[in-house]
$ cat entry-v7.txt   # compact mmCIF, C-alpha atoms and all ligand atoms
# COMPACT_ATOMS: atom_id res chain seq x y z
CA MET A 1 41.38 160.68 206.93
CA THR A 2 43.08 157.34 206.78
CA VAL A 3 46.19 156.98 204.68
CA THR A 4 47.17 153.43 204.00
CA ILE A 5 50.78 152.49 203.35
CA ARG A 6 50.65 149.31 201.40
CA PRO A 7 53.66 147.07 200.81
CA LEU A 8 54.32 145.84 197.31
CA THR A 9 54.08 142.09 197.10
CA MET A 10 57.11 140.11 196.01
CA ASP A 11 55.24 139.16 192.85
CA GLN A 12 54.68 142.80 192.02
CA LEU A 13 58.30 143.59 192.72
CA GLU A 14 59.50 140.73 190.57
CA ASP A 15 57.28 141.81 187.70
CA LEU A 16 58.55 145.32 188.08
CA LEU A 17 62.18 144.27 188.01
CA ASN A 18 61.51 142.10 184.97
CA GLY A 19 59.88 145.00 183.23
CA GLU A 20 56.68 143.02 182.95
CA CYS A 21 54.51 145.12 185.16
CA HIS A 22 52.00 147.06 183.13
CA TYR A 23 52.10 149.77 185.73
CA ALA A 24 55.83 150.32 186.03
CA ASP A 25 55.32 153.97 185.21
CA GLU A 26 53.30 154.43 188.38
CA LEU A 27 55.38 152.23 190.58
CA GLU A 28 58.74 153.71 189.69
CA LYS A 29 58.20 156.52 192.20
CA THR A 30 57.74 154.19 195.15
CA GLU A 31 60.33 154.30 197.86
CA GLY A 32 61.89 150.98 198.70
CA LEU A 33 59.35 148.23 198.82
CA PHE A 34 56.55 150.44 199.99
CA SER A 35 54.17 152.71 198.25
CA SER A 36 55.12 156.21 199.30
CA GLN A 37 51.67 157.57 198.77
CA THR A 38 48.32 156.05 199.49
CA VAL A 39 47.34 153.06 197.43
CA ASP A 40 49.34 153.05 194.24
CA ALA A 41 48.99 149.33 193.81
CA PRO A 42 47.31 148.76 190.46
CA LEU A 43 46.50 145.17 191.26
CA LEU A 44 43.80 146.61 193.48
CA ALA A 45 41.84 147.38 190.34
CA ASP A 46 40.23 144.00 190.86
CA GLN A 47 38.80 145.05 194.20
CA TYR A 48 35.34 146.43 194.74
CA TRP A 49 35.19 150.04 195.83
CA GLN A 50 32.70 152.63 196.86
CA LEU A 51 33.01 156.08 195.37
CA MET A 52 33.18 158.49 198.31
CA ASP A 53 34.26 161.74 196.74
CA CYS A 54 34.58 163.26 193.30
CA ALA A 55 35.95 166.58 192.06
CA LEU A 56 37.38 168.49 189.14
CA ALA A 57 41.10 168.76 189.87
CA TYR A 58 43.51 171.29 188.45
CA GLY A 59 46.94 172.69 188.92
CA VAL A 60 48.81 175.44 187.15
CA ASN A 61 51.05 173.85 184.58
CA LYS A 62 54.48 174.87 183.49
CA ASP A 63 54.59 177.10 180.45
CA CYS A 64 53.02 175.81 177.25
CA PHE A 65 55.72 174.09 175.22
CA ARG A 66 54.60 175.92 172.08
CA CYS A 67 53.63 179.48 173.10
CA HIS A 68 55.23 179.47 176.57
CA ARG A 69 52.23 180.98 178.32
CA ARG A 70 51.06 179.51 181.59
CA SER A 71 47.67 177.93 182.24
CA PRO A 72 46.08 175.07 184.21
CA GLU A 73 45.69 171.41 183.40
CA PHE A 74 42.78 169.31 184.58
CA ALA A 75 41.75 165.80 185.65
CA ILE A 76 39.00 164.18 187.73
CA TYR A 77 39.81 163.42 191.35
CA ILE A 78 38.09 160.47 193.00
CA ARG A 79 38.32 158.99 196.48
CA LEU A 80 37.50 155.30 196.68
CA GLN A 81 36.94 153.20 199.76
CA SER A 82 37.47 149.47 199.58
CA ALA A 83 34.40 147.33 200.13
CA GLN A 84 36.62 144.40 201.05
CA THR A 85 39.41 145.78 203.22
CA ASP A 86 38.61 147.98 206.20
CA GLY A 87 40.29 151.36 206.17
CA LEU A 88 41.72 150.96 202.68
CA GLU A 89 41.23 154.06 200.58
CA ALA A 90 42.52 155.18 197.21
CA PHE A 91 42.98 158.80 196.13
CA ARG A 92 43.21 158.96 192.37
CA LEU A 93 43.49 161.41 189.52
CA VAL A 94 41.82 160.07 186.38
CA PRO A 95 42.06 161.71 182.93
CA LEU A 96 38.94 163.27 181.44
CA SER A 97 39.51 161.09 178.40
CA THR A 98 38.81 158.00 180.49
CA PHE A 99 35.42 159.30 181.56
CA ASP A 100 34.59 160.32 178.02
CA TYR A 101 35.76 157.01 176.59
CA CYS A 102 33.37 155.30 179.02
CA ARG A 103 30.62 157.68 177.84
CA LEU A 104 30.14 158.99 181.35
CA LEU A 105 30.26 162.73 180.70
CA ALA A 106 27.13 164.80 180.13
CA THR A 107 27.12 167.01 177.03
CA GLU A 108 26.60 170.13 179.17
CA PHE A 109 29.62 169.30 181.26
CA LYS A 110 31.77 168.83 178.18
CA GLN A 111 30.62 172.23 176.96
CA TYR A 112 31.72 173.67 180.30
CA LEU A 113 35.07 171.93 180.00
CA TRP A 114 35.59 173.52 176.61
CA SER A 115 34.51 177.05 177.53
CA HIS A 116 36.21 177.20 180.93
CA CYS A 117 39.04 174.69 180.84
CA SER A 118 40.14 174.53 177.19
CA ILE A 119 39.33 170.82 177.15
CA ARG A 120 37.93 169.45 173.91
CA LEU A 121 38.35 166.66 171.39
CA ARG A 122 41.76 166.96 169.80
CA THR A 123 43.77 164.67 167.58
CA SER A 124 47.14 163.42 168.72
CA LYS A 125 49.64 162.69 165.96
CA MET A 126 51.83 160.93 168.50
CA MET A 127 48.98 158.54 169.27
CA ASN A 128 48.43 157.53 165.63
CA ASN A 129 45.96 160.33 165.04
CA THR A 130 43.72 159.24 167.88
CA THR A 131 41.09 161.82 168.77
CA TYR A 132 40.18 162.16 172.42
CA LEU A 133 39.04 164.62 175.07
CA SER A 134 42.25 166.36 175.98
CA ASN A 135 43.82 169.17 177.91
CA GLY A 136 45.14 171.93 175.70
CA CYS A 137 46.57 175.41 175.72
CA PRO A 138 43.86 178.13 175.95
CA PHE A 139 46.12 180.51 174.04
CA CYS A 140 47.47 178.50 171.10
CA ASP A 141 45.16 175.44 171.39
CA VAL A 142 47.99 172.93 171.09
CA ILE A 143 47.07 169.52 172.53
CA TRP A 144 48.58 168.53 175.87
CA GLY A 145 48.03 164.83 175.49
CA ASP A 146 47.52 162.47 178.39
CA ASN A 147 51.09 161.28 178.01
CA PHE A 148 52.30 164.75 178.95
CA VAL A 149 49.65 165.40 181.62
CA MET A 150 48.97 162.11 183.39
CA ARG A 151 52.39 160.64 182.64
CA ASN A 152 55.79 162.24 182.84
CA TYR A 153 56.55 161.30 179.26
CA ARG A 154 60.05 162.42 178.19
CA GLY A 155 60.24 164.31 181.48
CA GLN A 156 57.69 166.79 180.18
CA GLY A 157 54.85 165.94 182.55
CA GLY A 158 53.14 168.68 184.49
CA MET A 159 51.48 169.15 187.86
CA PHE A 160 50.10 165.64 188.20
CA SER A 161 53.00 163.56 186.98
CA ASN A 162 56.29 165.43 187.20
CA SER A 163 58.12 165.17 190.52
CA ALA A 164 59.31 168.76 190.01
CA TYR A 165 55.82 169.77 191.13
CA ASP A 166 55.53 167.40 194.06
CA THR A 167 55.00 170.13 196.63
CA THR A 168 52.70 172.38 194.64
CA PRO A 169 48.97 172.29 195.41
CA ILE A 170 46.28 170.59 193.37
CA TYR A 171 42.94 172.36 193.67
CA ILE A 172 39.76 170.31 193.72
CA GLU A 173 36.25 171.60 193.01
CA PRO A 174 33.74 169.05 194.36
CA LEU A 175 31.32 167.42 191.94
CA PRO A 176 28.20 165.38 192.75
CA LEU A 177 28.81 161.66 193.04
CA PHE A 178 27.88 159.90 189.84
CA ALA A 179 27.17 156.48 191.31
CA ASP A 180 25.05 155.10 194.08
CA MET A 181 26.64 153.56 197.13
CA MET A 182 26.87 150.11 195.63
CA PRO A 183 30.44 148.81 195.54
CA ARG A 184 31.78 148.60 192.00
CA GLN A 185 35.00 147.89 190.26
CA TYR A 186 36.82 150.92 188.92
CA PRO A 187 39.61 149.35 186.88
CA ASN A 188 40.31 152.51 184.88
CA ALA A 189 40.99 154.38 188.09
CA PHE A 190 44.14 152.27 188.35
CA ASN A 191 45.30 152.12 184.76
CA LEU A 192 48.48 153.48 183.24
CA LEU A 193 47.19 157.01 182.83
CA SER A 194 45.61 157.40 186.25
CA ARG A 195 47.64 158.40 189.25
CA GLY A 196 47.69 158.35 193.01
CA VAL A 197 47.77 161.73 194.69
CA ARG A 198 49.16 162.77 198.05
CA LEU A 199 46.55 164.19 200.38
CA ASP A 200 48.75 167.06 201.50
CA ARG A 201 48.70 168.43 197.97
CA LEU A 202 44.92 168.63 197.73
CA MET A 203 43.20 171.95 198.40
CA ARG A 204 39.41 171.87 198.36
CA THR A 205 37.81 174.98 196.90
CA ARG A 206 34.27 176.00 195.92
CA ASN A 207 31.97 173.42 194.38
CA CYS A 208 32.47 173.11 190.65
CA PRO A 209 30.17 175.74 189.07
CA ALA A 210 29.30 173.43 186.18
CA ALA A 211 27.85 170.89 188.54
CA SER A 212 25.60 173.34 190.35
CA ARG A 213 24.34 174.88 187.14
CA ASN A 214 23.80 171.69 185.24
CA ARG A 215 23.00 169.54 188.26
CA VAL A 216 24.22 166.48 186.44
CA TRP A 217 27.75 166.40 185.09
CA THR A 218 27.70 162.75 184.19
CA ARG A 219 25.14 160.10 183.63
CA ILE A 220 24.04 157.86 186.47
CA LEU A 221 25.58 154.43 186.60
CA SER A 222 23.27 151.47 186.70
CA GLY A 223 23.61 147.71 186.75
CA ASP A 224 27.15 146.43 186.82
CA VAL A 225 28.68 149.28 184.85
CA SER A 226 32.25 150.07 185.79
CA PHE A 227 34.81 152.41 184.37
ZN ZN B 1 50.24 177.49 174.04

$ encode --input "entry-v7.txt" --output "structure tokens" --more "lines below"
Ligand SMILES: [Zn+2]
Amino acid sequence: MTVTIRPLTMDQLEDLLNGECHYADELEKTEGLFSSQTVDAPLLADQYWQLMDCALAYGVNKDCFRCHRRSPEFAIYIRLQSAQTDGLEAFRLVPLSTFDYCRLLATEFKQYLWSHCSIRLRTSKMMNNTTYLSNGCPFCDVIWGDNFVMRNYRGQGGMFSNSAYDTTPIYIEPLPLFADMMPRQYPNAFNLLSRGVRLDRLMRTRNCPAASRNRVWTRILSGDVSF
């Protein structure tokens, strides 16, 4: 599999140094002027991509901050291939909330997420009482908001976002592709809450049981829909 090391442009660097880059949170982990991972260059959100791979991703989190018991946290893994630049691929972890916000998730799949993954609509006080599809503790049901799962907010991020877990595996259970092979833009795959992931952390397991039972885990894209 091709891994592309992409240099940051001087414009990106300047924005970053000026604190103007909307994606500083993602770029702060880059080494020198180069992305240390695959394609963590958010400006590529404007590109057209083909969705090549899709999976439910999870890793075992640190202990719950409230009840201190240990359980997994989840996101959707996608592999995108550029329709414009040969050999350019992006390996991304996208929060479930993004898919739900875009109304992409099937009801049956959300039921599976609740019964097997402790993912449901919860209200975040920190986010001005916003209610969204969130990771949470299966024991005490406290919300693990996207800021603490997909971002390393206050240093309390988990498997996906905290460098303390950089060498621990992320398991991926393949899901059916939800789009046809037409190139599309996937801007939300590159937003503040989505992350690049190193290939050497990914461990492919069985196909996601929810997908095989329900056949469809998300609705089919049509027209020029993007997420
Ligand atoms: Zn708990």

$ closest_atom_pairs --input "entry-v7.txt" --of "chain A" --to "ligand ZN 1 (chain B)" --cutoff "7 Å" --atoms "all atoms listed in the file" --output "Markdown table"
| residue | atom | partner | partner_atom | distance |
| --- | --- | --- | --- | --- |
| A:Cys64 | CA | B:ZN1 | ZN | 4.6 |
| A:Phe65 | CA | B:ZN1 | ZN | 6.6 |
| A:Arg66 | CA | B:ZN1 | ZN | 5.0 |
| A:Cys67 | CA | B:ZN1 | ZN | 4.0 |
| A:His68 | CA | B:ZN1 | ZN | 5.9 |
| A:Arg69 | CA | B:ZN1 | ZN | 5.9 |
| A:Cys137 | CA | B:ZN1 | ZN | 4.5 |
| A:Pro138 | CA | B:ZN1 | ZN | 6.7 |
| A:Phe139 | CA | B:ZN1 | ZN | 5.1 |
| A:Cys140 | CA | B:ZN1 | ZN | 4.2 |
| A:Asp141 | CA | B:ZN1 | ZN | 6.1 |
| A:Val142 | CA | B:ZN1 | ZN | 5.9 |

$ closest_atom_pairs --input "entry-v7.txt" --of "segment 26-136 of chain A" --to "segment 173-182 of chain A" --cutoff "10 Å" --atoms "all atoms listed in the file" --output "tab-separated table"
residue	atom	partner	partner_atom	distance
A:Tyr48	CA	A:Met182	CA	9.3
A:Trp49	CA	A:Met182	CA	8.3
A:Gln50	CA	A:Met181	CA	6.1
A:Leu51	CA	A:Met181	CA	7.1
A:Met52	CA	A:Leu177	CA	7.5
A:Asp53	CA	A:Leu177	CA	6.6
A:Cys54	CA	A:Leu175	CA	5.5
A:Ala55	CA	A:Pro174	CA	4.0
A:Leu56	CA	A:Glu173	CA	5.1
A:Ala57	CA	A:Glu173	CA	6.4
A:Tyr58	CA	A:Glu173	CA	8.6
A:Ile76	CA	A:Leu175	CA	9.3
A:Tyr77	CA	A:Pro174	CA	8.8
A:Ile78	CA	A:Leu177	CA	9.4
A:Ala83	CA	A:Met182	CA	9.2
A:Leu104	CA	A:Phe178	CA	8.8
A:Leu105	CA	A:Phe178	CA	9.9

$ residues_around --input "entry-v7.txt" --residues "segment 208-210 of chain A" --least-positions-apart "2" --cutoff "12 Å" --atoms "all atoms listed in the file" --output "ChimeraX atom specification"
/A:54-58,76,106-117,171-176,204-206,212-218

$ closest_residue --input "entry-v7.txt" --among "A:Gln185, A:Asn162, A:Ser124, A:Gln156" --to "Ser82 of chain A" --atoms "all atoms listed in the file"
A:Gln185

$ atom_distance --input "entry-v7.txt" --atom1 "atom CA of Val149 of chain A" --atom2 "atom CA of Glu73 of chain A"
7.4 Å
